[in-house]
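As stored in protein_37.txt (compact mmCIF, C-alpha atoms):
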```txt
# COMPACT_ATOMS: atom_id res chain seq x y z
CA MET A 79 -64.17 -92.87 -27.29
CA ARG A 80 -62.18 -93.47 -24.16
CA LYS A 81 -63.57 -91.89 -20.99
CA ARG A 82 -61.17 -89.55 -19.28
CA THR A 83 -60.57 -90.26 -15.61
CA LYS A 84 -60.19 -87.42 -13.20
CA LYS A 85 -56.83 -87.38 -11.49
CA THR A 86 -56.84 -87.48 -7.71
CA LYS A 87 -55.20 -84.53 -6.03
CA TYR A 88 -53.60 -84.97 -2.64
CA ILE A 89 -53.28 -82.25 -0.06
CA PRO A 90 -50.04 -82.68 1.92
CA GLN A 91 -49.68 -82.19 5.64
CA LYS A 92 -49.05 -78.62 6.78
CA ARG A 93 -45.65 -79.48 8.23
CA THR A 94 -43.39 -82.49 8.16
CA VAL A 95 -41.94 -83.99 11.34
CA ALA A 96 -38.63 -82.21 10.70
CA GLN A 97 -40.36 -78.85 10.26
CA LYS A 98 -42.41 -79.32 13.42
CA ALA A 99 -39.30 -80.33 15.36
CA LEU A 100 -37.44 -77.26 14.10
CA PHE A 101 -40.34 -74.96 15.00
CA THR A 102 -40.57 -76.51 18.48
CA PHE A 103 -36.82 -76.09 18.99
CA ALA A 104 -36.97 -72.43 17.92
CA THR A 105 -39.82 -71.74 20.37
CA LEU A 106 -38.02 -73.45 23.26
CA PHE A 107 -34.80 -71.59 22.45
CA ALA A 108 -36.68 -68.27 22.55
CA ILE A 109 -38.17 -69.22 25.93
CA ARG A 110 -34.73 -70.07 27.31
CA LEU A 111 -33.50 -66.54 26.56
CA PHE A 112 -35.86 -65.19 29.24
CA TYR A 113 -34.17 -67.41 31.83
CA GLU A 114 -31.07 -65.24 31.46
CA ILE A 115 -32.90 -62.06 32.53
CA PRO A 116 -32.28 -61.40 36.26
CA THR A 117 -35.12 -60.34 38.52
CA PRO A 118 -34.72 -56.62 39.36
CA GLY A 119 -33.72 -55.78 42.91
CA ILE A 120 -32.44 -59.31 43.61
CA ASN A 121 -29.08 -60.61 44.80
CA THR A 122 -28.63 -63.24 42.06
CA GLU A 123 -25.93 -65.12 43.99
CA TYR A 124 -28.11 -65.66 47.07
CA PHE A 125 -29.68 -69.01 46.23
CA LYS A 126 -26.56 -70.65 44.82
CA ALA A 127 -25.06 -70.97 48.30
CA LEU A 128 -28.41 -72.04 49.79
CA LEU A 129 -28.87 -74.84 47.24
CA GLN A 130 -25.44 -76.18 48.13
CA MET A 131 -26.49 -76.44 51.77
CA ASN A 132 -29.98 -77.75 51.02
CA THR A 133 -30.10 -80.28 48.18
CA SER A 134 -33.75 -81.00 49.02
CA LEU A 135 -34.55 -77.92 46.95
CA SER A 136 -32.66 -79.29 43.93
CA ILE A 137 -35.80 -80.78 42.38
CA LEU A 138 -37.49 -77.35 42.48
CA ASN A 139 -34.40 -75.92 40.81
CA ALA A 140 -34.55 -78.62 38.12
CA LEU A 141 -38.26 -78.00 37.43
CA SER A 142 -37.58 -74.26 37.12
CA GLY A 143 -34.71 -74.80 34.67
CA SER A 144 -32.11 -73.43 37.11
CA GLY A 145 -34.24 -70.30 37.37
CA LEU A 146 -34.21 -70.74 41.15
CA SER A 147 -30.42 -70.85 41.44
CA HIS A 148 -30.02 -67.82 39.13
CA LEU A 149 -33.07 -65.97 40.50
CA SER A 150 -34.10 -64.91 37.00
CA ILE A 151 -37.55 -63.61 36.09
CA MET A 152 -38.33 -67.31 35.45
CA THR A 153 -37.49 -68.31 39.03
CA LEU A 154 -40.68 -70.35 39.47
CA GLY A 155 -40.84 -71.58 35.87
CA ILE A 156 -43.59 -74.17 35.39
CA SER A 157 -43.20 -75.77 38.83
CA PRO A 158 -46.46 -74.13 40.14
CA TYR A 159 -48.34 -75.59 37.15
CA ILE A 160 -46.86 -79.06 37.77
CA THR A 161 -47.87 -78.88 41.43
CA ALA A 162 -51.37 -77.74 40.43
CA SER A 163 -51.77 -80.54 37.87
CA ILE A 164 -50.84 -83.16 40.47
CA ILE A 165 -53.38 -81.66 42.90
CA ILE A 166 -56.07 -81.70 40.20
CA GLN A 167 -55.31 -85.36 39.42
CA LEU A 168 -55.76 -86.26 43.07
CA LEU A 169 -58.94 -84.19 43.42
CA ALA A 170 -60.41 -85.94 40.36
CA THR A 171 -60.38 -89.20 42.34
CA ILE A 172 -62.66 -87.80 45.05
CA ILE A 173 -64.76 -85.30 43.07
CA PRO A 174 -66.96 -87.14 40.51
CA LYS A 175 -67.54 -84.05 38.36
CA MET A 176 -63.81 -83.49 37.87
CA GLU A 177 -63.33 -87.15 37.00
CA GLU A 178 -66.13 -86.81 34.45
CA TRP A 179 -64.37 -83.81 32.89
CA GLN A 180 -61.08 -85.73 32.84
CA ARG A 181 -62.63 -88.53 30.80
CA GLY A 182 -65.04 -86.36 28.82
CA MET A 183 -64.96 -84.49 25.51
CA LYS A 184 -62.31 -81.95 24.52
CA GLN A 185 -64.34 -79.03 25.91
CA ASP A 186 -64.52 -80.76 29.31
CA ARG A 187 -60.77 -81.39 29.30
CA ASP A 188 -60.17 -77.76 28.29
CA ARG A 189 -62.30 -76.61 31.23
CA LEU A 190 -60.19 -78.74 33.58
CA GLU A 191 -57.02 -77.38 31.98
CA LYS A 192 -58.16 -73.79 32.64
CA ILE A 193 -58.81 -74.70 36.30
CA THR A 194 -55.30 -76.19 36.47
CA ILE A 195 -53.73 -73.03 35.05
CA ALA A 196 -55.72 -70.86 37.49
CA LEU A 197 -54.67 -73.07 40.41
CA GLY A 198 -51.09 -72.88 39.13
CA GLY A 199 -51.35 -69.07 39.27
CA ILE A 200 -52.53 -69.25 42.90
CA MET A 201 -49.64 -71.59 43.72
CA ALA A 202 -47.24 -69.16 42.03
CA VAL A 203 -48.52 -66.27 44.18
CA LEU A 204 -48.09 -68.34 47.35
CA GLN A 205 -44.61 -69.61 46.45
CA GLY A 206 -43.41 -66.26 45.13
CA SER A 207 -44.63 -64.23 48.10
CA LEU A 208 -43.29 -66.79 50.59
CA MET A 209 -39.84 -66.62 49.01
CA ALA A 210 -39.85 -62.84 48.57
CA ILE A 211 -40.92 -62.20 52.18
CA GLY A 212 -38.96 -65.00 53.87
CA PHE A 213 -35.68 -64.82 51.99
CA GLY A 214 -35.99 -61.14 51.12
CA LYS A 215 -35.25 -59.97 54.63
CA GLN A 216 -32.30 -62.39 54.84
CA GLY A 217 -30.46 -60.74 51.97
CA MET A 218 -32.11 -61.98 48.78
CA LEU A 219 -33.66 -58.55 48.16
CA LEU A 220 -31.16 -55.72 47.83
CA ASN A 221 -33.73 -53.37 49.34
CA TYR A 222 -36.29 -55.10 51.56
CA LYS A 223 -39.38 -52.91 51.12
CA TRP A 224 -43.01 -53.89 50.64
CA TYR A 225 -43.11 -52.56 47.07
CA TRP A 226 -40.05 -54.64 46.08
CA VAL A 227 -41.65 -57.73 47.62
CA THR A 228 -44.84 -57.02 45.64
CA LEU A 229 -42.96 -56.35 42.39
CA VAL A 230 -40.85 -59.52 42.63
CA THR A 231 -43.91 -61.65 43.48
CA CYS A 232 -45.83 -60.20 40.52
CA ILE A 233 -42.96 -60.82 38.09
CA TRP A 234 -42.52 -64.44 39.19
CA THR A 235 -46.29 -65.08 39.13
CA VAL A 236 -46.84 -63.56 35.68
CA THR A 237 -43.94 -65.48 34.11
CA ALA A 238 -45.13 -68.75 35.70
CA VAL A 239 -48.67 -68.27 34.29
CA VAL A 240 -47.33 -67.23 30.87
CA MET A 241 -45.20 -70.40 30.74
CA SER A 242 -48.31 -72.47 31.50
CA LEU A 243 -50.25 -70.76 28.71
CA ILE A 244 -47.41 -71.24 26.22
CA GLY A 245 -47.22 -74.91 27.16
CA LYS A 246 -50.98 -75.30 26.62
CA TYR A 247 -50.74 -73.49 23.27
CA MET A 248 -47.98 -75.85 22.11
CA SER A 249 -50.03 -78.89 23.16
CA ASP A 250 -53.19 -77.62 21.42
CA HIS A 251 -51.47 -76.83 18.10
CA LYS A 252 -50.12 -80.20 17.03
CA GLU A 253 -49.94 -78.99 13.43
CA LYS A 254 -47.01 -76.76 14.50
CA TYR A 255 -45.37 -78.50 17.45
CA ILE A 256 -44.33 -81.95 18.59
CA GLY A 257 -44.85 -83.41 22.04
CA ASN A 258 -46.67 -82.07 25.08
CA GLY A 259 -45.96 -78.36 25.56
CA ILE A 260 -45.36 -78.42 29.33
CA SER A 261 -43.20 -81.54 29.05
CA MET A 262 -41.11 -80.02 26.25
CA ILE A 263 -40.50 -76.84 28.26
CA LEU A 264 -39.51 -78.94 31.26
CA LEU A 265 -37.18 -81.02 29.07
CA SER A 266 -35.47 -77.92 27.65
CA ASN A 267 -35.06 -76.52 31.18
CA ILE A 268 -33.20 -79.62 32.35
CA ILE A 269 -31.08 -80.06 29.22
CA ALA A 270 -30.04 -76.38 29.42
CA SER A 271 -28.37 -77.20 32.76
CA PHE A 272 -26.25 -80.03 31.31
CA PRO A 273 -23.23 -77.94 30.13
CA ALA A 274 -22.73 -76.18 33.49
CA ASP A 275 -23.11 -79.44 35.43
CA MET A 276 -20.71 -81.24 33.11
CA LYS A 277 -18.19 -78.49 33.79
CA THR A 278 -18.69 -79.01 37.55
CA VAL A 279 -18.01 -82.75 37.19
CA TYR A 280 -14.99 -82.03 34.99
CA ASN A 281 -13.48 -79.63 37.53
CA LYS A 282 -14.11 -82.10 40.36
CA PHE A 283 -12.74 -85.33 38.86
CA ILE A 284 -10.68 -84.52 35.76
CA ASN A 285 -9.22 -81.01 35.73
CA GLY A 286 -5.65 -80.72 37.03
CA LYS A 287 -4.89 -84.46 37.00
CA GLU A 288 -2.38 -86.41 34.91
CA LEU A 289 -3.42 -87.38 31.37
CA LYS A 290 -3.67 -91.08 32.26
CA ASN A 291 -5.87 -90.38 35.27
CA GLN A 292 -7.98 -87.94 33.22
CA CYS A 293 -8.69 -90.63 30.61
CA ILE A 294 -9.58 -93.23 33.25
CA ALA A 295 -11.84 -90.77 35.12
CA GLY A 296 -13.51 -89.68 31.88
CA ILE A 297 -14.24 -93.27 30.80
CA ILE A 298 -15.63 -94.19 34.24
CA ILE A 299 -17.88 -91.09 34.36
CA PHE A 300 -19.15 -91.66 30.80
CA ALA A 301 -19.84 -95.36 31.46
CA PHE A 302 -21.62 -94.56 34.74
CA VAL A 303 -23.90 -91.90 33.20
CA PHE A 304 -24.58 -94.08 30.13
CA LEU A 305 -25.56 -97.08 32.25
CA LEU A 306 -27.77 -94.88 34.42
CA PHE A 307 -29.58 -93.58 31.31
CA LEU A 308 -29.90 -97.14 30.03
CA PHE A 309 -31.34 -98.31 33.33
CA THR A 310 -33.83 -95.41 33.35
CA VAL A 311 -34.97 -96.19 29.79
CA TYR A 312 -35.48 -99.84 30.80
CA LEU A 313 -37.42 -98.78 33.90
CA GLN A 314 -39.70 -96.41 31.96
CA SER A 315 -40.37 -98.67 28.98
CA THR A 316 -40.70 -102.09 30.67
CA GLU A 317 -44.12 -103.42 31.49
CA LYS A 318 -45.61 -106.60 32.92
CA GLN A 319 -48.24 -108.12 30.64
CA ILE A 320 -51.14 -110.17 32.00
CA ARG A 321 -52.44 -112.44 29.25
CA VAL A 322 -56.19 -112.65 28.73
CA ASN A 323 -58.01 -115.21 26.57
CA TYR A 324 -61.14 -113.89 24.81
CA CYS A 325 -63.78 -116.22 23.41
CA ASN A 326 -66.08 -114.81 20.72
CA LYS A 327 -67.85 -115.80 17.49
CA ILE A 328 -64.64 -115.56 15.46
CA GLY A 329 -62.74 -117.85 17.84
CA ASN A 330 -60.26 -117.61 20.67
CA GLN A 331 -58.16 -114.44 20.74
CA LEU A 332 -55.30 -113.45 22.99
CA GLY A 333 -55.13 -110.03 24.67
CA VAL A 334 -52.94 -108.43 27.32
CA ILE A 335 -53.31 -106.06 30.27
CA PRO A 336 -50.13 -103.92 30.31
CA LEU A 337 -48.78 -102.94 33.75
CA LYS A 338 -45.95 -100.42 33.64
CA LEU A 339 -43.19 -100.67 36.23
CA CYS A 340 -43.51 -96.94 36.91
CA PRO A 341 -47.03 -95.82 35.92
CA GLY A 342 -46.60 -92.58 37.87
CA GLY A 343 -43.26 -91.76 36.26
CA VAL A 344 -41.52 -89.11 38.32
CA VAL A 345 -44.66 -88.10 40.28
CA PRO A 346 -43.88 -90.24 43.40
CA ILE A 347 -40.42 -88.66 43.68
CA ILE A 348 -41.84 -85.15 43.26
CA PHE A 349 -44.40 -85.87 46.00
CA ALA A 350 -41.78 -87.29 48.38
CA SER A 351 -39.24 -84.54 47.66
CA SER A 352 -41.84 -81.79 48.11
CA ILE A 353 -42.94 -83.12 51.50
CA MET A 354 -39.33 -83.58 52.64
CA SER A 355 -38.16 -80.19 51.40
CA THR A 356 -41.09 -78.07 52.63
CA PRO A 357 -40.14 -78.22 56.37
CA VAL A 358 -36.51 -77.53 55.42
CA LEU A 359 -37.58 -74.56 53.28
CA VAL A 360 -39.75 -73.15 56.08
CA ALA A 361 -36.87 -73.65 58.55
CA SER A 362 -34.56 -71.75 56.17
CA ILE A 363 -37.03 -68.87 55.97
CA MET A 364 -37.28 -68.78 59.78
CA GLU A 365 -33.49 -69.16 60.09
CA LYS A 366 -33.87 -72.38 62.11
CA THR A 367 -31.72 -74.69 59.98
CA ASP A 368 -29.64 -75.69 63.02
CA VAL A 369 -32.61 -77.45 64.63
CA GLU A 370 -31.67 -81.13 64.97
CA TRP A 371 -34.77 -82.71 63.39
CA VAL A 372 -34.45 -80.45 60.33
CA LYS A 373 -31.00 -81.89 59.63
CA TYR A 374 -32.52 -85.37 59.25
CA LEU A 375 -34.85 -84.09 56.50
CA ASN A 376 -32.13 -82.21 54.59
CA SER A 377 -30.69 -84.56 51.95
CA ALA A 378 -27.45 -82.54 51.95
CA ASN A 379 -26.61 -84.25 55.27
CA TRP A 380 -27.30 -87.81 54.08
CA PHE A 381 -24.44 -90.26 53.43
CA ASN A 382 -21.92 -87.79 54.79
CA PRO A 383 -19.15 -89.90 56.41
CA LYS A 384 -18.83 -87.34 59.22
CA HIS A 385 -22.54 -87.35 60.11
CA MET A 386 -23.95 -90.73 59.08
CA GLN A 387 -26.72 -90.52 61.71
CA TYR A 388 -28.60 -88.02 59.53
CA SER A 389 -28.91 -90.68 56.80
CA ILE A 390 -31.93 -92.02 58.70
CA GLY A 391 -33.87 -89.42 56.72
CA ALA A 392 -33.06 -91.41 53.57
CA ILE A 393 -35.09 -94.34 54.95
CA LEU A 394 -38.12 -92.05 55.36
CA TYR A 395 -37.58 -90.71 51.83
CA THR A 396 -37.52 -94.26 50.37
CA PHE A 397 -40.64 -95.22 52.33
CA MET A 398 -42.47 -92.19 50.93
CA ILE A 399 -41.47 -93.03 47.35
CA PHE A 400 -42.95 -96.53 47.80
CA CYS A 401 -46.13 -95.15 49.42
CA PHE A 402 -46.74 -92.57 46.70
CA SER A 403 -46.00 -95.13 43.96
CA TYR A 404 -48.74 -97.40 45.36
CA TYR A 405 -51.10 -94.50 45.96
CA TYR A 406 -50.73 -93.05 42.45
CA THR A 407 -51.30 -96.50 40.94
CA GLN A 408 -54.49 -96.96 42.97
CA VAL A 409 -55.69 -93.57 41.75
CA THR A 410 -55.08 -94.30 38.06
CA PHE A 411 -55.61 -98.08 37.88
CA ASN A 412 -58.81 -99.79 39.04
CA PRO A 413 -58.69 -103.65 39.08
CA ILE A 414 -62.49 -103.84 39.52
CA GLU A 415 -63.06 -101.92 36.27
CA ILE A 416 -60.47 -104.06 34.48
CA GLU A 417 -62.16 -107.27 35.67
CA ASP A 418 -65.56 -105.93 34.61
CA LYS A 419 -64.29 -105.21 31.07
CA ILE A 420 -62.71 -108.67 30.84
CA THR A 421 -65.97 -110.35 31.90
CA LYS A 422 -68.13 -108.29 29.51
CA ASN A 423 -65.88 -109.32 26.61
CA ASP A 424 -65.97 -113.04 27.59
CA GLY A 425 -62.34 -113.01 28.68
CA THR A 426 -60.48 -115.02 31.29
CA ILE A 427 -56.96 -115.09 32.74
CA ASP A 428 -55.36 -118.53 32.52
CA GLY A 429 -55.83 -120.50 35.73
CA ILE A 430 -57.81 -117.69 37.43
CA ARG A 431 -61.55 -117.76 38.04
CA PRO A 432 -63.62 -114.74 36.94
CA GLY A 433 -64.82 -112.32 39.60
CA THR A 434 -63.14 -111.92 42.99
CA ASP A 435 -60.21 -114.23 42.13
CA THR A 436 -59.38 -112.17 39.03
CA ILE A 437 -59.51 -108.90 40.99
CA GLN A 438 -57.25 -110.37 43.69
CA TYR A 439 -54.80 -111.71 41.09
CA ILE A 440 -54.57 -108.34 39.33
CA ASN A 441 -54.12 -106.58 42.70
CA ASP A 442 -51.30 -108.91 43.73
CA THR A 443 -49.57 -108.58 40.35
CA VAL A 444 -49.83 -104.78 40.48
CA LYS A 445 -48.33 -104.67 43.98
CA LYS A 446 -45.33 -106.78 42.96
CA THR A 447 -44.80 -104.76 39.77
CA ILE A 448 -45.05 -101.40 41.53
CA ALA A 449 -42.64 -102.58 44.26
CA LEU A 450 -39.98 -103.26 41.61
CA GLY A 451 -40.67 -99.92 39.92
CA ALA A 452 -40.50 -97.99 43.22
CA LEU A 453 -37.21 -99.72 44.05
CA GLY A 454 -35.81 -98.65 40.67
CA LEU A 455 -37.01 -95.07 41.20
CA SER A 456 -35.38 -95.01 44.63
CA VAL A 457 -32.04 -96.18 43.19
CA ILE A 458 -32.08 -93.40 40.57
CA ALA A 459 -33.21 -90.77 43.07
CA PHE A 460 -30.42 -91.64 45.51
CA VAL A 461 -27.56 -91.46 42.98
CA PRO A 462 -27.07 -87.65 43.23
CA ILE A 463 -27.72 -87.70 46.98
CA ILE A 464 -24.99 -90.30 47.57
CA LEU A 465 -22.58 -88.43 45.29
CA GLY A 466 -23.39 -85.25 47.20
CA GLY A 467 -22.68 -86.87 50.55
CA VAL A 468 -19.48 -88.68 49.52
CA PHE A 469 -17.92 -86.34 46.94
CA GLY A 470 -19.58 -83.03 47.78
CA LEU A 471 -21.43 -82.85 44.44
CA SER A 472 -25.01 -81.57 44.35
CA ASN A 473 -27.69 -80.48 41.88
CA ILE A 474 -26.28 -82.47 38.93
CA SER A 475 -29.02 -82.27 36.29
CA PHE A 476 -28.11 -85.43 34.35
CA LEU A 477 -28.54 -87.60 37.44
CA GLY A 478 -31.43 -88.48 39.75
CA THR A 479 -34.93 -87.14 39.23
CA SER A 480 -33.98 -85.07 36.20
CA ILE A 481 -32.89 -88.11 34.22
CA ILE A 482 -36.31 -89.75 34.77
CA ILE A 483 -38.06 -86.64 33.42
CA VAL A 484 -35.73 -86.44 30.40
CA VAL A 485 -36.15 -90.11 29.48
CA SER A 486 -39.96 -90.04 29.99
CA VAL A 487 -40.45 -86.98 27.78
CA ILE A 488 -38.13 -88.27 25.04
CA LEU A 489 -39.87 -91.66 24.91
CA GLU A 490 -43.34 -90.07 24.74
CA THR A 491 -42.24 -87.59 22.05
CA LYS A 492 -40.65 -90.41 20.05
CA LYS A 493 -43.97 -92.31 20.07
CA GLU A 494 -45.83 -89.24 18.85
CA MET A 495 -43.33 -88.56 16.05
CA LEU A 496 -43.48 -92.18 14.86
CA ALA A 497 -47.29 -92.08 14.91
CA PHE A 498 -47.26 -88.85 12.88
CA LYS A 499 -44.85 -90.29 10.30
CA ASN A 500 -46.94 -93.45 9.98
CA GLY A 501 -50.01 -91.25 9.52
CA GLU A 502 -48.27 -89.37 6.69
CA LYS A 503 -47.41 -92.65 4.93
CA TYR A 504 -51.00 -93.86 5.34
CA ILE A 505 -52.40 -90.67 3.85
CA ARG A 506 -50.06 -90.77 0.86
CA LYS A 507 -50.88 -94.42 0.09
CA THR A 508 -54.66 -94.22 0.59
CA ARG A 509 -56.79 -93.36 -2.41
CA CYS A 510 -60.15 -93.15 -0.60
CA GLY A 511 -62.10 -89.88 -0.61
CA GLY A 512 -63.07 -90.22 3.06
CA ILE A 513 -59.52 -89.93 4.45
CA PHE A 514 -58.69 -86.89 6.55
CA SER A 515 -55.36 -85.43 7.62
CA ALA A 516 -53.82 -86.39 10.97
CA ASP A 517 -55.24 -83.31 12.71
CA ARG A 518 -58.74 -84.23 11.36
CA LYS A 519 -59.24 -80.66 10.15
CA LYS A 520 -58.79 -80.99 6.36
CA CYS A 521 -59.80 -83.60 3.85
CA VAL A 522 -56.80 -85.16 2.19
CA LEU A 523 -58.51 -85.43 -1.18
CA SER A 524 -60.12 -82.67 -3.16
```
Turn the structure described in the file into structure tokens.
Amino acid sequence: MRKRTKKTKYIPQKRTVAQKALFTFATLFAIRLFYEIPTPGINTEYFKALLQMNTSLSILNALSGSGLSHLSIMTLGISPYITASIIIQLLATIIPKMEEWQRGMKQDRDRLEKITIALGGIMAVLQGSLMAIGFGKQGMLLNYKWYWVTLVTCIWTVTAVVMSLIGKYMSDHKEKYIGNGISMILLSNIIASFPADMKTVYNKFINGKELKNQCIAGIIIFAFVFLLFLFTVYLQSTEKQIRVNYCNKIGNQLGVIPLKLCPGGVVPIIFASSIMSTPVLVASIMEKTDVEWVKYLNSANWFNPKHMQYSIGAILYTFMIFCFSYYYTQVTFNPIEIEDKITKNDGTIDGIRPGTDTIQYINDTVKKTIALGALGLSVIAFVPIILGGVFGLSNISFLGTSIIIVVSVILETKKEMLAFKNGEKYIRKTRCGGIFSADRKKCVLS
């Protein structure tokens, strides 16, 4: 009698990539609805004029999803959390315990994440109160009283913390969402500004002109934006590879040390913009914007044909982008550790002696690579500033810093989606009882 074999039953993934993408989109759309709610007791038109005069604040407006320009209840958005996360990254380089948490188990990383959210809340209180007090008495608040200042600060702080918590929830529940929660919220904030900015460009260069000129202008604008996106994708995805030869029992094997052109992504620009814009913001609060040295720091005055002397500030801005690019790389990339791993695994770089020579070679290669990346970042960062100075355009969300954020998030999310799809295929094809689902929570076979 023939023995009956038990059929294998497969448990599918909870959600497909399409379902997760749809669920993520629905959540982000719901979040965007809150950006349309104005803050009570606020003159919603106040900051629009200020941002035109001070483009240094445009990056803060981009991070807040235009919440700053509209003065909605989401005015701060997730910008306090982003500032806090950068501070925590820097502190981890000088505080061993925090570095240990950063590289430790999930519970250690969760502890560090809670500290980041708490620090983000403190940053939100400081930013919110500074704006409510400083700009409130200048006309931002319809009724400048202490209780209105307190109420506005509380609203902005609570919404900023809630956004951080939602972002963390999205990142922790990969079975429901795609991508990093904070990054996806930031991406939706920037993309939501595209239609209004496209309308601004249309009114400036196309509207009211002859049909022939409209077509030419439209083609030039499309080609320019497309090439800028293409250049940004190239900048974010290109990496220099140092080849390493490993000798082991199996035989010679070839490995690589990948060096990204822009390992810090948009962080160097955020650092440089924050330092440049802070004195200008304080001067605006104190109503001292006419002070001569402040005009050099305000990017709205750069590349203006009538006042070219103020463009000296652009040189300082570029220098800071280069400095922060090198600094961030030194924080996140240690040539001594790399050399130690190569030596332990019996590896060598062609034509380079192990030890000090290898460390020096990696250092030199990193410096050259980061210099090219910083130059590329500077070119992208200056595009909206030059357009603002020459054509009077400012705060265009599909140019400059915003485009780097958009491209970075899309590339990272694409990698995650491809990895998830490959995981699904692997699970369906594998007939081994020890295989688990991608989230490692359920056994695929029962």
Next item on the list: Return the single residue from A:Gly214, A:Pro174, A:Pro432, A:Gly286 that is closest to Asn323 of chain A, with distances computed using only C-alpha atoms.
Entry: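 Result for the nearest residue to Asn323 of chain A: A:Pro432.
Here atom CA of Phe304 of chain A is placed at a distance of 11.0 Å from atom CA of Ile481 of chain A.
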Next item on the list: Place a sphere of radius 6 Å on (-36.0, -83.9, 54.3) in the file coordinates and name every protein, DNA or RNA residue with an atom inside or on its surface, counting all atoms listed in the file; give the answer as a ChimeraX atom specification.
Entry: /A:354-355,375-377
Notebook entry, point to check: For Phe381 of chain A, which residue out of A:Leu359, A:Leu337, A:Met183, A:Leu465 is the nearest one, using only C-alpha atoms?
Noted result: A:Leu465
With all atoms listed in the file as the counted atoms, please give the residues lying no more than 8 Å from Thr235 of chain A, apart from itself and same-chain residues fewer than 2 positions off, as a compact mmCIF listing (two decimals) with C-alpha atoms, in the coordinates of the input.
```txt
# COMPACT_ATOMS: atom_id res chain seq x y z
CA LEU A 154 -40.68 -70.35 39.47
CA GLY A 199 -51.35 -69.07 39.27
CA ALA A 202 -47.24 -69.16 42.03
CA VAL A 203 -48.52 -66.27 44.18
CA GLY A 206 -43.41 -66.26 45.13
CA THR A 231 -43.91 -61.65 43.48
CA CYS A 232 -45.83 -60.20 40.52
CA ILE A 233 -42.96 -60.82 38.09
CA THR A 237 -43.94 -65.48 34.11
CA ALA A 238 -45.13 -68.75 35.70
CA VAL A 239 -48.67 -68.27 34.29
```
Next item on the list: Tell me, in Å to one decimal, how far atom CA of Ile399 of chain A is from atom CA of Val344 of chain A.
Entry: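 Interatomic distance here is 9.8 Å.
Atom CA of Val236 of chain A to atom CA of Ser150 of chain A spans 12.9 Å [interatomic distance, one decimal].
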Select from segment 231-326 of chain A every residue with an atom at most 9 Å from any atom of segment 483-497 of chain A, then for each give the shortest pair of atoms and their distance in Å to one decimal, using all atoms listed in the file, rows by chain and rising number, as a tab-separated table.
```
residue	atom	partner	partner_atom	distance
A:Ile256	CA	A:Thr491	CA	6.9
A:Gly257	CA	A:Thr491	CA	4.9
A:Asn258	CA	A:Thr491	CA	7.7
A:Ser261	CA	A:Val487	CA	6.2
A:Met262	CA	A:Val487	CA	7.2
A:Leu264	CA	A:Ile483	CA	8.1
A:Leu265	CA	A:Val484	CA	5.8
A:Ser266	CA	A:Val484	CA	9.0
A:Ile268	CA	A:Val484	CA	7.5
A:Ile269	CA	A:Val484	CA	8.0
A:Phe307	CA	A:Val485	CA	7.7
A:Thr310	CA	A:Val485	CA	7.0
A:Val311	CA	A:Val485	CA	6.2
A:Gln314	CA	A:Ser486	CA	6.7
A:Ser315	CA	A:Leu489	CA	8.1
```
Next item on the list: Go through A:Gln185, A:Thr479, A:Gln167, A:Asn281 one by one, measure the shortest atom-to-atom distance of each to Ala350 of chain A using all atoms listed in the file, and give the residue with the smallest value.
Entry: A:Thr479
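The shortest atom-to-atom distance to Gly451 of chain A, with all atoms listed in the file taken into account, belongs to A:Thr407 out of A:Gln97, A:Ser362, A:Ser147, A:Thr407.
For the residues A:Gly182, A:Arg187, A:Tyr280, A:Val240, ranking by smallest atom-to-atom distance to Ile109 of chain A using only C-alpha atoms places A:Val240 first.
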Margin query: Calculated over only C-alpha atoms, which of the candidates A:Phe213, A:Tyr222, A:Phe125, A:Tyr159 has the smallest distance to Ile363 of chain A?
Written below: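 Using only C-alpha atoms, Ile363 of chain A sits closest to A:Phe213.
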Note to self: Which residues are near Lys419 of chain A? Cut-off 12 Å, all atoms listed in the file, ignore same chain within fewer than 6 positions. Put them as a PyMOL selection string.
What the structure shows: chain A and resi 322+324+335+412-413+425-426+432-433+436-437
Checklist line | Contacts of Ile347 of chain A within 12 Å, all atoms listed in the file, excl. fewer than 3 positions in-chain, as a VMD selection string | finding: chain A and resid 134 137 to 138 340 342 to 344 350 to 355 395 to 403 406 451 to 460 478 to 480 482 to 483
Next item on the list: Do a neighbour search on Pro336 of chain A at 10 Å with all atoms listed in the file, toss out local chain neighbours closer than 4 positions, and write the hits as a ChimeraX atom specification.
Entry: /A:316-321
